[in-house]
>>> print(open('my_file_37.pdb').read())   # PDB, C-alpha atoms
MODEL        1
ATOM      1  CA  MET A   1     -40.060 126.580  86.772  1.00  0.00           C
ATOM      2  CA  SER A   2     -42.827 128.830  88.042  1.00  0.00           C
ATOM      3  CA  ALA A   3     -46.065 129.303  86.143  1.00  0.00           C
ATOM      4  CA  ARG A   4     -45.008 132.862  85.310  1.00  0.00           C
ATOM      5  CA  ASP A   5     -41.671 131.704  83.919  1.00  0.00           C
ATOM      6  CA  ALA A   6     -43.358 129.007  81.865  1.00  0.00           C
ATOM      7  CA  ILE A   7     -45.740 131.526  80.292  1.00  0.00           C
ATOM      8  CA  LEU A   8     -42.928 133.949  79.497  1.00  0.00           C
ATOM      9  CA  LYS A   9     -40.849 131.130  78.003  1.00  0.00           C
ATOM     10  CA  ARG A  10     -43.710 130.157  75.700  1.00  0.00           C
ATOM     11  CA  LEU A  11     -44.229 133.760  74.656  1.00  0.00           C
ATOM     12  CA  ARG A  12     -40.561 134.167  73.772  1.00  0.00           C
ATOM     13  CA  GLU A  13     -40.483 130.894  71.849  1.00  0.00           C
ATOM     14  CA  ARG A  14     -43.589 131.708  69.844  1.00  0.00           C
ATOM     15  CA  ALA A  15     -43.067 135.427  69.385  1.00  0.00           C
ATOM     16  CA  ASP A  16     -43.056 135.053  65.591  1.00  0.00           C
ATOM     17  CA  GLY A  17     -46.098 132.800  65.298  1.00  0.00           C
ATOM     18  CA  PRO A  18     -49.476 131.900  66.827  1.00  0.00           C
ATOM     19  CA  LEU A  19     -49.500 130.390  70.300  1.00  0.00           C
ATOM     20  CA  GLU A  20     -50.699 126.853  70.734  1.00  0.00           C
ATOM     21  CA  ALA A  21     -53.054 125.991  73.547  1.00  0.00           C
ATOM     22  CA  PRO A  22     -51.065 124.625  76.499  1.00  0.00           C
ATOM     23  CA  GLU A  23     -51.627 121.109  77.692  1.00  0.00           C
ATOM     24  CA  SER A  24     -53.776 120.934  80.774  1.00  0.00           C
ATOM     25  CA  ASP A  25     -54.505 118.345  83.413  1.00  0.00           C
ATOM     26  CA  PHE A  26     -57.951 119.896  83.915  1.00  0.00           C
ATOM     27  CA  THR A  27     -60.793 117.693  82.770  1.00  0.00           C
ATOM     28  CA  VAL A  28     -64.402 118.847  82.754  1.00  0.00           C
ATOM     29  CA  MET A  29     -66.361 116.381  84.835  1.00  0.00           C
ATOM     30  CA  THR A  30     -69.540 115.485  83.063  1.00  0.00           C
ATOM     31  CA  GLY A  31     -71.859 112.555  82.512  1.00  0.00           C
ATOM     32  CA  ARG A  32     -71.705 111.000  85.966  1.00  0.00           C
ATOM     33  CA  GLY A  33     -73.723 108.047  84.759  1.00  0.00           C
ATOM     34  CA  TRP A  34     -76.425 108.347  87.405  1.00  0.00           C
ATOM     35  CA  THR A  35     -79.846 106.852  86.790  1.00  0.00           C
ATOM     36  CA  ALA A  36     -82.921 109.072  86.817  1.00  0.00           C
ATOM     37  CA  GLN A  37     -83.724 107.905  90.339  1.00  0.00           C
ATOM     38  CA  GLU A  38     -80.180 108.585  91.530  1.00  0.00           C
ATOM     39  CA  ARG A  39     -80.275 112.077  90.045  1.00  0.00           C
ATOM     40  CA  LEU A  40     -83.551 112.801  91.805  1.00  0.00           C
ATOM     41  CA  GLU A  41     -82.306 111.492  95.141  1.00  0.00           C
ATOM     42  CA  ARG A  42     -79.067 113.489  94.950  1.00  0.00           C
ATOM     43  CA  PHE A  43     -80.881 116.661  93.935  1.00  0.00           C
ATOM     44  CA  GLU A  44     -83.362 116.366  96.780  1.00  0.00           C
ATOM     45  CA  ARG A  45     -80.698 115.520  99.349  1.00  0.00           C
ATOM     46  CA  TRP A  46     -78.587 118.545  98.488  1.00  0.00           C
ATOM     47  CA  ILE A  47     -81.329 121.139  98.126  1.00  0.00           C
ATOM     48  CA  THR A  48     -83.098 120.106 101.331  1.00  0.00           C
ATOM     49  CA  SER A  49     -79.776 120.212 103.200  1.00  0.00           C
ATOM     50  CA  VAL A  50     -79.827 124.004 102.769  1.00  0.00           C
ATOM     51  CA  HIS A  51     -83.489 124.436 103.793  1.00  0.00           C
ATOM     52  CA  GLY A  52     -85.079 123.985 100.391  1.00  0.00           C
ATOM     53  CA  GLU A  53     -88.424 122.185 100.458  1.00  0.00           C
ATOM     54  CA  VAL A  54     -89.307 119.526  97.885  1.00  0.00           C
ATOM     55  CA  ILE A  55     -92.871 118.411  97.186  1.00  0.00           C
ATOM     56  CA  HIS A  56     -93.484 115.554  94.756  1.00  0.00           C
ATOM     57  CA  THR A  57     -96.583 115.794  92.624  1.00  0.00           C
ATOM     58  CA  SER A  58     -98.033 114.482  89.390  1.00  0.00           C
ATOM     59  CA  ARG A  59     -97.991 116.273  86.053  1.00  0.00           C
ATOM     60  CA  ASP A  60    -101.782 116.458  86.117  1.00  0.00           C
ATOM     61  CA  GLY A  61    -102.247 117.320  89.785  1.00  0.00           C
ATOM     62  CA  TRP A  62     -99.462 119.819  90.424  1.00  0.00           C
ATOM     63  CA  THR A  63    -101.789 122.824  90.591  1.00  0.00           C
ATOM     64  CA  GLU A  64    -103.622 121.174  93.490  1.00  0.00           C
ATOM     65  CA  SER A  65    -100.272 120.814  95.250  1.00  0.00           C
ATOM     66  CA  LEU A  66     -99.573 124.464  94.494  1.00  0.00           C
ATOM     67  CA  ALA A  67    -102.893 125.499  96.017  1.00  0.00           C
ATOM     68  CA  GLY A  68    -102.035 123.470  99.124  1.00  0.00           C
ATOM     69  CA  VAL A  69     -98.653 125.198  99.459  1.00  0.00           C
ATOM     70  CA  LEU A  70    -100.245 128.625  99.118  1.00  0.00           C
ATOM     71  CA  ARG A  71    -102.864 127.757 101.721  1.00  0.00           C
ATOM     72  CA  ASP A  72    -100.377 126.266 104.196  1.00  0.00           C
ATOM     73  CA  LYS A  73     -98.032 129.227 103.942  1.00  0.00           C
ATOM     74  CA  GLY A  74    -100.738 131.870 104.127  1.00  0.00           C
ATOM     75  CA  VAL A  75    -100.011 133.336 100.702  1.00  0.00           C
ATOM     76  CA  ARG A  76    -102.546 135.939  99.659  1.00  0.00           C
ATOM     77  CA  ARG A  77    -100.739 137.656  96.766  1.00  0.00           C
ATOM     78  CA  LEU A  78     -98.892 135.517  94.227  1.00  0.00           C
ATOM     79  CA  ALA A  79     -96.742 137.045  91.488  1.00  0.00           C
ATOM     80  CA  LEU A  80     -96.481 135.063  88.260  1.00  0.00           C
ATOM     81  CA  GLY A  81     -96.251 135.358  84.497  1.00  0.00           C
ATOM     82  CA  ARG A  82     -98.939 134.804  81.885  1.00  0.00           C
ATOM     83  CA  GLU A  83     -97.494 133.084  78.819  1.00  0.00           C
ATOM     84  CA  HIS A  84     -95.426 130.180  80.110  1.00  0.00           C
ATOM     85  CA  PRO A  85     -97.482 126.962  80.424  1.00  0.00           C
ATOM     86  CA  VAL A  86     -96.695 126.807  84.163  1.00  0.00           C
ATOM     87  CA  ALA A  87     -98.039 130.306  84.749  1.00  0.00           C
ATOM     88  CA  ALA A  88    -101.020 129.783  82.452  1.00  0.00           C
ATOM     89  CA  ALA A  89    -102.040 126.553  84.220  1.00  0.00           C
ATOM     90  CA  ALA A  90    -101.626 128.149  87.640  1.00  0.00           C
ATOM     91  CA  ARG A  91    -103.754 131.134  86.643  1.00  0.00           C
ATOM     92  CA  GLU A  92    -106.501 128.873  85.368  1.00  0.00           C
ATOM     93  CA  ALA A  93    -106.487 126.731  88.506  1.00  0.00           C
ATOM     94  CA  LEU A  94    -106.436 129.669  90.925  1.00  0.00           C
ATOM     95  CA  ALA A  95    -108.872 131.930  89.087  1.00  0.00           C
ATOM     96  CA  GLY A  96    -111.800 133.033  91.206  1.00  0.00           C
ATOM     97  CA  GLY A  97    -110.185 131.920  94.447  1.00  0.00           C
ATOM     98  CA  ASP A  98    -108.878 133.814  97.444  1.00  0.00           C
ATOM     99  CA  ILE A  99    -105.374 134.303  95.997  1.00  0.00           C
ATOM    100  CA  GLU A 100    -104.724 137.605  94.250  1.00  0.00           C
ATOM    101  CA  LEU A 101    -102.689 136.987  91.105  1.00  0.00           C
ATOM    102  CA  VAL A 102    -100.135 139.725  90.492  1.00  0.00           C
ATOM    103  CA  ALA A 103     -98.991 140.292  86.904  1.00  0.00           C
ATOM    104  CA  VAL A 104     -95.238 140.638  86.437  1.00  0.00           C
ATOM    105  CA  ASP A 105     -95.034 141.500  82.731  1.00  0.00           C
ATOM    106  CA  ARG A 106     -94.854 145.219  83.504  1.00  0.00           C
ATOM    107  CA  ASP A 107     -92.176 147.850  83.638  1.00  0.00           C
ATOM    108  CA  ILE A 108     -90.532 147.304  87.017  1.00  0.00           C
ATOM    109  CA  GLU A 109     -90.686 151.013  87.784  1.00  0.00           C
ATOM    110  CA  SER A 110     -94.478 150.816  87.760  1.00  0.00           C
ATOM    111  CA  TRP A 111     -94.741 148.101  90.426  1.00  0.00           C
ATOM    112  CA  GLN A 112     -91.396 147.974  92.221  1.00  0.00           C
ATOM    113  CA  ARG A 113     -92.802 149.050  95.558  1.00  0.00           C
ATOM    114  CA  GLU A 114     -95.649 146.559  95.267  1.00  0.00           C
ATOM    115  CA  LEU A 115     -93.183 143.767  94.528  1.00  0.00           C
ATOM    116  CA  PHE A 116     -90.970 144.532  97.500  1.00  0.00           C
ATOM    117  CA  GLU A 117     -93.683 145.329 100.025  1.00  0.00           C
ATOM    118  CA  SER A 118     -96.877 143.373  99.386  1.00  0.00           C
ATOM    119  CA  VAL A 119     -96.201 140.283  97.246  1.00  0.00           C
ATOM    120  CA  ASP A 120     -96.129 137.119  99.383  1.00  0.00           C
ATOM    121  CA  ALA A 121     -94.683 134.661  96.869  1.00  0.00           C
ATOM    122  CA  GLY A 122     -93.387 134.320  93.330  1.00  0.00           C
ATOM    123  CA  LEU A 123     -94.061 131.338  91.048  1.00  0.00           C
ATOM    124  CA  THR A 124     -91.605 130.387  88.307  1.00  0.00           C
ATOM    125  CA  SER A 125     -90.934 127.605  85.895  1.00  0.00           C
ATOM    126  CA  THR A 126     -87.433 126.146  85.679  1.00  0.00           C
ATOM    127  CA  GLY A 127     -85.250 125.070  82.797  1.00  0.00           C
ATOM    128  CA  GLY A 128     -84.252 122.033  84.806  1.00  0.00           C
ATOM    129  CA  GLY A 129     -82.142 120.937  87.748  1.00  0.00           C
ATOM    130  CA  ILE A 130     -78.579 119.878  88.537  1.00  0.00           C
ATOM    131  CA  ALA A 131     -78.216 116.713  90.590  1.00  0.00           C
ATOM    132  CA  GLU A 132     -74.569 117.228  91.511  1.00  0.00           C
ATOM    133  CA  THR A 133     -75.214 120.462  93.430  1.00  0.00           C
ATOM    134  CA  GLY A 134     -78.939 120.369  94.154  1.00  0.00           C
ATOM    135  CA  SER A 135     -79.575 123.439  92.026  1.00  0.00           C
ATOM    136  CA  LEU A 136     -82.324 124.746  89.800  1.00  0.00           C
ATOM    137  CA  TRP A 137     -81.551 126.706  86.667  1.00  0.00           C
ATOM    138  CA  LEU A 138     -83.864 129.453  85.465  1.00  0.00           C
ATOM    139  CA  TRP A 139     -83.885 131.280  82.153  1.00  0.00           C
ATOM    140  CA  PRO A 140     -85.424 134.738  82.761  1.00  0.00           C
ATOM    141  CA  THR A 141     -87.774 136.226  80.167  1.00  0.00           C
ATOM    142  CA  PRO A 142     -90.022 139.309  80.087  1.00  0.00           C
ATOM    143  CA  ASP A 143     -92.839 136.963  81.164  1.00  0.00           C
ATOM    144  CA  GLU A 144     -90.745 135.600  84.071  1.00  0.00           C
ATOM    145  CA  PRO A 145     -88.218 138.304  84.989  1.00  0.00           C
ATOM    146  CA  ARG A 146     -85.374 137.437  87.341  1.00  0.00           C
ATOM    147  CA  LEU A 147     -86.850 139.547  90.169  1.00  0.00           C
ATOM    148  CA  LEU A 148     -89.734 137.073  90.337  1.00  0.00           C
ATOM    149  CA  SER A 149     -87.434 134.513  91.969  1.00  0.00           C
ATOM    150  CA  LEU A 150     -85.154 136.938  93.815  1.00  0.00           C
ATOM    151  CA  VAL A 151     -87.468 139.307  95.704  1.00  0.00           C
ATOM    152  CA  PRO A 152     -90.691 137.725  97.106  1.00  0.00           C
ATOM    153  CA  PRO A 153     -90.339 136.102 100.558  1.00  0.00           C
ATOM    154  CA  ILE A 154     -91.304 132.714  99.121  1.00  0.00           C
ATOM    155  CA  HIS A 155     -90.088 131.343  95.803  1.00  0.00           C
ATOM    156  CA  ILE A 156     -92.150 128.464  94.409  1.00  0.00           C
ATOM    157  CA  ALA A 157     -90.462 126.709  91.486  1.00  0.00           C
ATOM    158  CA  VAL A 158     -91.887 124.002  89.244  1.00  0.00           C
ATOM    159  CA  LEU A 159     -89.421 121.337  88.103  1.00  0.00           C
ATOM    160  CA  ASP A 160     -90.075 118.377  85.827  1.00  0.00           C
ATOM    161  CA  ALA A 161     -88.324 115.306  87.219  1.00  0.00           C
ATOM    162  CA  GLU A 162     -87.022 114.283  83.802  1.00  0.00           C
ATOM    163  CA  ALA A 163     -85.344 117.693  83.387  1.00  0.00           C
ATOM    164  CA  LEU A 164     -82.721 116.834  86.021  1.00  0.00           C
ATOM    165  CA  GLU A 165     -79.195 116.476  84.654  1.00  0.00           C
ATOM    166  CA  ASP A 166     -75.956 115.353  86.260  1.00  0.00           C
ATOM    167  CA  THR A 167     -73.794 118.482  86.185  1.00  0.00           C
ATOM    168  CA  LEU A 168     -73.809 122.144  85.197  1.00  0.00           C
ATOM    169  CA  HIS A 169     -71.602 121.273  82.243  1.00  0.00           C
ATOM    170  CA  ASP A 170     -74.219 118.786  81.036  1.00  0.00           C
ATOM    171  CA  VAL A 171     -76.837 121.534  81.190  1.00  0.00           C
ATOM    172  CA  MET A 172     -74.702 124.091  79.349  1.00  0.00           C
ATOM    173  CA  ALA A 173     -73.669 121.653  76.623  1.00  0.00           C
ATOM    174  CA  GLY A 174     -77.006 119.905  76.260  1.00  0.00           C
ATOM    175  CA  HIS A 175     -78.964 123.146  75.936  1.00  0.00           C
ATOM    176  CA  ASP A 176     -76.318 124.923  73.836  1.00  0.00           C
ATOM    177  CA  TRP A 177     -75.836 127.882  76.151  1.00  0.00           C
ATOM    178  CA  ALA A 178     -72.888 128.965  74.012  1.00  0.00           C
ATOM    179  CA  ALA A 179     -75.277 129.833  71.177  1.00  0.00           C
ATOM    180  CA  GLY A 180     -76.912 132.574  73.202  1.00  0.00           C
ATOM    181  CA  MET A 181     -77.728 133.470  76.781  1.00  0.00           C
ATOM    182  CA  PRO A 182     -80.017 135.996  78.435  1.00  0.00           C
ATOM    183  CA  ALA A 183     -78.582 138.811  80.510  1.00  0.00           C
ATOM    184  CA  ASN A 184     -78.911 136.503  83.498  1.00  0.00           C
ATOM    185  CA  ALA A 185     -79.131 132.732  83.754  1.00  0.00           C
ATOM    186  CA  LEU A 186     -79.985 131.952  87.370  1.00  0.00           C
ATOM    187  CA  LEU A 187     -78.809 129.060  89.529  1.00  0.00           C
ATOM    188  CA  VAL A 188     -80.907 128.570  92.664  1.00  0.00           C
ATOM    189  CA  SER A 189     -79.615 126.178  95.326  1.00  0.00           C
ATOM    190  CA  GLY A 190     -81.832 127.129  98.262  1.00  0.00           C
ATOM    191  CA  PRO A 191     -83.410 130.137  99.950  1.00  0.00           C
ATOM    192  CA  SER A 192     -81.400 133.305 100.458  1.00  0.00           C
ATOM    193  CA  LYS A 193     -78.993 133.097 103.379  1.00  0.00           C
ATOM    194  CA  THR A 194     -76.216 135.160 104.895  1.00  0.00           C
ATOM    195  CA  ALA A 195     -74.087 135.163 108.034  1.00  0.00           C
ATOM    196  CA  ASP A 196     -72.920 138.062 110.170  1.00  0.00           C
ATOM    197  CA  ILE A 197     -69.461 138.533 111.639  1.00  0.00           C
ATOM    198  CA  GLU A 198     -70.370 136.146 114.477  1.00  0.00           C
ATOM    199  CA  GLN A 199     -71.308 133.499 111.883  1.00  0.00           C
ATOM    200  CA  THR A 200     -74.983 133.528 112.801  1.00  0.00           C
ATOM    201  CA  LEU A 201     -76.850 132.235 109.741  1.00  0.00           C
ATOM    202  CA  ALA A 202     -79.992 134.122 108.729  1.00  0.00           C
ATOM    203  CA  TYR A 203     -82.442 133.345 105.931  1.00  0.00           C
ATOM    204  CA  GLY A 204     -84.306 135.820 103.736  1.00  0.00           C
ATOM    205  CA  VAL A 205     -82.133 138.876 104.320  1.00  0.00           C
ATOM    206  CA  HIS A 206     -81.198 139.363 100.672  1.00  0.00           C
ATOM    207  CA  GLY A 207     -83.954 137.388  98.955  1.00  0.00           C
ATOM    208  CA  PRO A 208     -86.544 134.657  99.525  1.00  0.00           C
ATOM    209  CA  ARG A 209     -86.534 133.122 102.993  1.00  0.00           C
ATOM    210  CA  GLU A 210     -88.227 129.975 101.645  1.00  0.00           C
ATOM    211  CA  LEU A 211     -87.788 127.911  98.502  1.00  0.00           C
ATOM    212  CA  VAL A 212     -90.433 125.335  97.585  1.00  0.00           C
ATOM    213  CA  VAL A 213     -89.774 123.046  94.630  1.00  0.00           C
ATOM    214  CA  LEU A 214     -92.758 121.249  93.128  1.00  0.00           C
ATOM    215  CA  VAL A 215     -91.263 118.226  91.362  1.00  0.00           C
ATOM    216  CA  ARG A 216     -93.650 116.998  88.690  1.00  0.00           C
ATOM    217  CA  HIS A 217     -93.624 113.334  87.737  1.00  0.00           C
ATOM    218  CA  ALA A 218     -95.108 111.984  84.535  1.00  0.00           C
TER     219      ALA A 218
ENDMDL
END
>>> encode(input="my_file_37.pdb", output="structure tokens")
Amino acid sequence: MSARDAILKRLRERADGPLEAPESDFTVMTGRGWTAQERLERFERWITSVHGEVIHTSRDGWTESLAGVLRDKGVRRLALGREHPVAAAAREALAGGDIELVAVDRDIESWQRELFESVDAGLTSTGGGIAETGSLWLWPTPDEPRLLSLVPPIHIAVLDAEALEDTLHDVMAGHDWAAGMPANALLVSGPSKTADIEQTLAYGVHGPRELVVLVRHA
């Protein structure tokens, strides 16, 4: 019996009452049982395999690592929020230096051209990471709008090592995404990439050409 015939058969049989959920062989894979070290190793292996860059740093010294990244990559204008602890700490550490700090908590119409044409990098926090796929997940807010990670040529993301989880399902269930989501929850698994009809891979055509993940360890 085809799937279509099976569905029609069930509809005919239950036409006078509520339908019961069909049995399914599909099982959500969750809780892989990896240790914290295994999660970290898997995450790093996958995200670096698609040209993501991972830098390990301490919880206390991460802003020094950030300054080193900005210096090495020639960043002169950094877009970032104000209220999130990551943004606040970065602003304090970089204040008075050579890096111009660009505020993002503005109406996009007032600084759209600036964002697309003269910002060198965007700094964001992350909600956590997914070991199974080597992905970051971001929860956009007015203080850290989604364009902050999607437009600048370099995306610098700050990830706490203990915020890595096994699978996307673990993240969604553990953080109760069903109770409410923003307009966009972002999954980032590397810099932007695309391929033309000849299958030539190019980075940065539709978004950041570089992704740098600062992994903070307690």
>>> closest_residue(input="my_file_37.pdb", among="A:Val171, A:Val69, A:Ala121, A:Val104", to="A:Leu187", atoms="all atoms listed in the file")
A:Val171
>>> atom_distance(input="my_file_37.pdb", atom1="atom CA of A:Val212", atom2="atom CA of A:Val158")
8.6 Å
>>> closest_atom_pairs(input="my_file_37.pdb", of="stretch 42-79 of chain A", to="stretch 135-151 of chain A", cutoff="12 Å", atoms="all atoms listed in the file", output="JSON lines")
{"residue": "A:Arg42", "atom": "CA", "partner": "A:Ser135", "partner_atom": "CA", "distance": 10.4}
{"residue": "A:Phe43", "atom": "CA", "partner": "A:Ser135", "partner_atom": "CA", "distance": 7.2}
{"residue": "A:Glu44", "atom": "CA", "partner": "A:Ser135", "partner_atom": "CA", "distance": 9.3}
{"residue": "A:Arg45", "atom": "CA", "partner": "A:Ser135", "partner_atom": "CA", "distance": 10.8}
{"residue": "A:Trp46", "atom": "CA", "partner": "A:Ser135", "partner_atom": "CA", "distance": 8.2}
{"residue": "A:Ile47", "atom": "CA", "partner": "A:Ser135", "partner_atom": "CA", "distance": 6.8}
{"residue": "A:Thr48", "atom": "CA", "partner": "A:Ser135", "partner_atom": "CA", "distance": 10.5}
{"residue": "A:Ser49", "atom": "CA", "partner": "A:Ser135", "partner_atom": "CA", "distance": 11.6}
{"residue": "A:Val50", "atom": "CA", "partner": "A:Ser135", "partner_atom": "CA", "distance": 10.8}
{"residue": "A:Gly52", "atom": "CA", "partner": "A:Ser135", "partner_atom": "CA", "distance": 10.0}
{"residue": "A:Val54", "atom": "CA", "partner": "A:Leu136", "partner_atom": "CA", "distance": 11.9}
{"residue": "A:Leu78", "atom": "CA", "partner": "A:Leu148", "partner_atom": "CA", "distance": 10.1}
{"residue": "A:Ala79", "atom": "CA", "partner": "A:Leu148", "partner_atom": "CA", "distance": 7.1}
>>> resolve_selection(input="my_file_37.pdb", expression="the PyMOL selection byres ((chain A and resi 83) around 12)", output="tab-separated table (two decimals) with C-alpha atoms, in the frame of the given file")
chain	number	residue	atom	x	y	z
A	80	LEU	CA	-96.48	135.06	88.26
A	81	GLY	CA	-96.25	135.36	84.50
A	82	ARG	CA	-98.94	134.80	81.89
A	84	HIS	CA	-95.43	130.18	80.11
A	85	PRO	CA	-97.48	126.96	80.42
A	86	VAL	CA	-96.70	126.81	84.16
A	87	ALA	CA	-98.04	130.31	84.75
A	88	ALA	CA	-101.02	129.78	82.45
A	89	ALA	CA	-102.04	126.55	84.22
A	90	ALA	CA	-101.63	128.15	87.64
A	91	ARG	CA	-103.75	131.13	86.64
A	92	GLU	CA	-106.50	128.87	85.37
A	103	ALA	CA	-98.99	140.29	86.90
A	104	VAL	CA	-95.24	140.64	86.44
A	105	ASP	CA	-95.03	141.50	82.73
A	124	THR	CA	-91.60	130.39	88.31
A	125	SER	CA	-90.93	127.60	85.90
A	141	THR	CA	-87.77	136.23	80.17
A	142	PRO	CA	-90.02	139.31	80.09
A	143	ASP	CA	-92.84	136.96	81.16
A	144	GLU	CA	-90.74	135.60	84.07
>>> closest_residue(input="my_file_37.pdb", among="A:Ile7, A:Leu123, A:Val75, A:Leu186", to="A:Thr63", atoms="all atoms listed in the file")
A:Leu123
>>> closest_residue(input="my_file_37.pdb", among="A:Asp5, A:Glu210, A:Glu13, A:Glu41", to="A:Gly122", atoms="only C-alpha atoms")
A:Glu210
>>> decode(input="my_file_37.pdb", residues="stretch 186-197 of chain A", atoms="N, CA and C atoms", output="PDB file, in the first residue's frame")
ATOM      1  N   LEU A 186      19.403  32.151  14.719  1.00  0.00           N
ATOM      2  CA  LEU A 186      20.414  31.920  13.698  1.00  0.00           C
ATOM      3  C   LEU A 186      21.319  30.749  14.045  1.00  0.00           C
ATOM      4  N   LEU A 187      21.584  29.911  13.046  1.00  0.00           N
ATOM      5  CA  LEU A 187      22.580  28.850  13.153  1.00  0.00           C
ATOM      6  C   LEU A 187      23.728  29.215  12.228  1.00  0.00           C
ATOM      7  N   VAL A 188      24.926  29.282  12.774  1.00  0.00           N
ATOM      8  CA  VAL A 188      26.112  29.683  12.011  1.00  0.00           C
ATOM      9  C   VAL A 188      27.101  28.528  12.040  1.00  0.00           C
ATOM     10  N   SER A 189      27.418  27.998  10.868  1.00  0.00           N
ATOM     11  CA  SER A 189      28.313  26.833  10.783  1.00  0.00           C
ATOM     12  C   SER A 189      29.577  27.122   9.991  1.00  0.00           C
ATOM     13  N   GLY A 190      29.898  28.405   9.816  1.00  0.00           N
ATOM     14  CA  GLY A 190      31.093  28.778   9.072  1.00  0.00           C
ATOM     15  C   GLY A 190      30.874  30.097   8.368  1.00  0.00           C
ATOM     16  N   PRO A 191      31.870  30.610   7.673  1.00  0.00           N
ATOM     17  CA  PRO A 191      31.691  31.835   6.908  1.00  0.00           C
ATOM     18  C   PRO A 191      30.752  31.598   5.735  1.00  0.00           C
ATOM     19  N   SER A 192      30.278  32.689   5.151  1.00  0.00           N
ATOM     20  CA  SER A 192      29.390  32.585   3.996  1.00  0.00           C
ATOM     21  C   SER A 192      30.127  31.970   2.816  1.00  0.00           C
ATOM     22  N   LYS A 193      29.471  31.067   2.120  1.00  0.00           N
ATOM     23  CA  LYS A 193      30.096  30.452   0.943  1.00  0.00           C
ATOM     24  C   LYS A 193      29.039  30.120  -0.093  1.00  0.00           C
ATOM     25  N   THR A 194      29.460  30.129  -1.341  1.00  0.00           N
ATOM     26  CA  THR A 194      28.567  29.787  -2.446  1.00  0.00           C
ATOM     27  C   THR A 194      29.411  29.229  -3.581  1.00  0.00           C
ATOM     28  N   ALA A 195      28.772  28.547  -4.500  1.00  0.00           N
ATOM     29  CA  ALA A 195      29.477  27.977  -5.652  1.00  0.00           C
ATOM     30  C   ALA A 195      28.743  28.351  -6.929  1.00  0.00           C
ATOM     31  N   ASP A 196      29.498  28.639  -7.980  1.00  0.00           N
ATOM     32  CA  ASP A 196      28.878  28.974  -9.254  1.00  0.00           C
ATOM     33  C   ASP A 196      28.569  27.701 -10.026  1.00  0.00           C
ATOM     34  N   ILE A 197      28.112  27.858 -11.255  1.00  0.00           N
ATOM     35  CA  ILE A 197      27.689  26.716 -12.052  1.00  0.00           C
ATOM     36  C   ILE A 197      28.840  25.752 -12.341  1.00  0.00           C
TER      37      ILE A 197
END
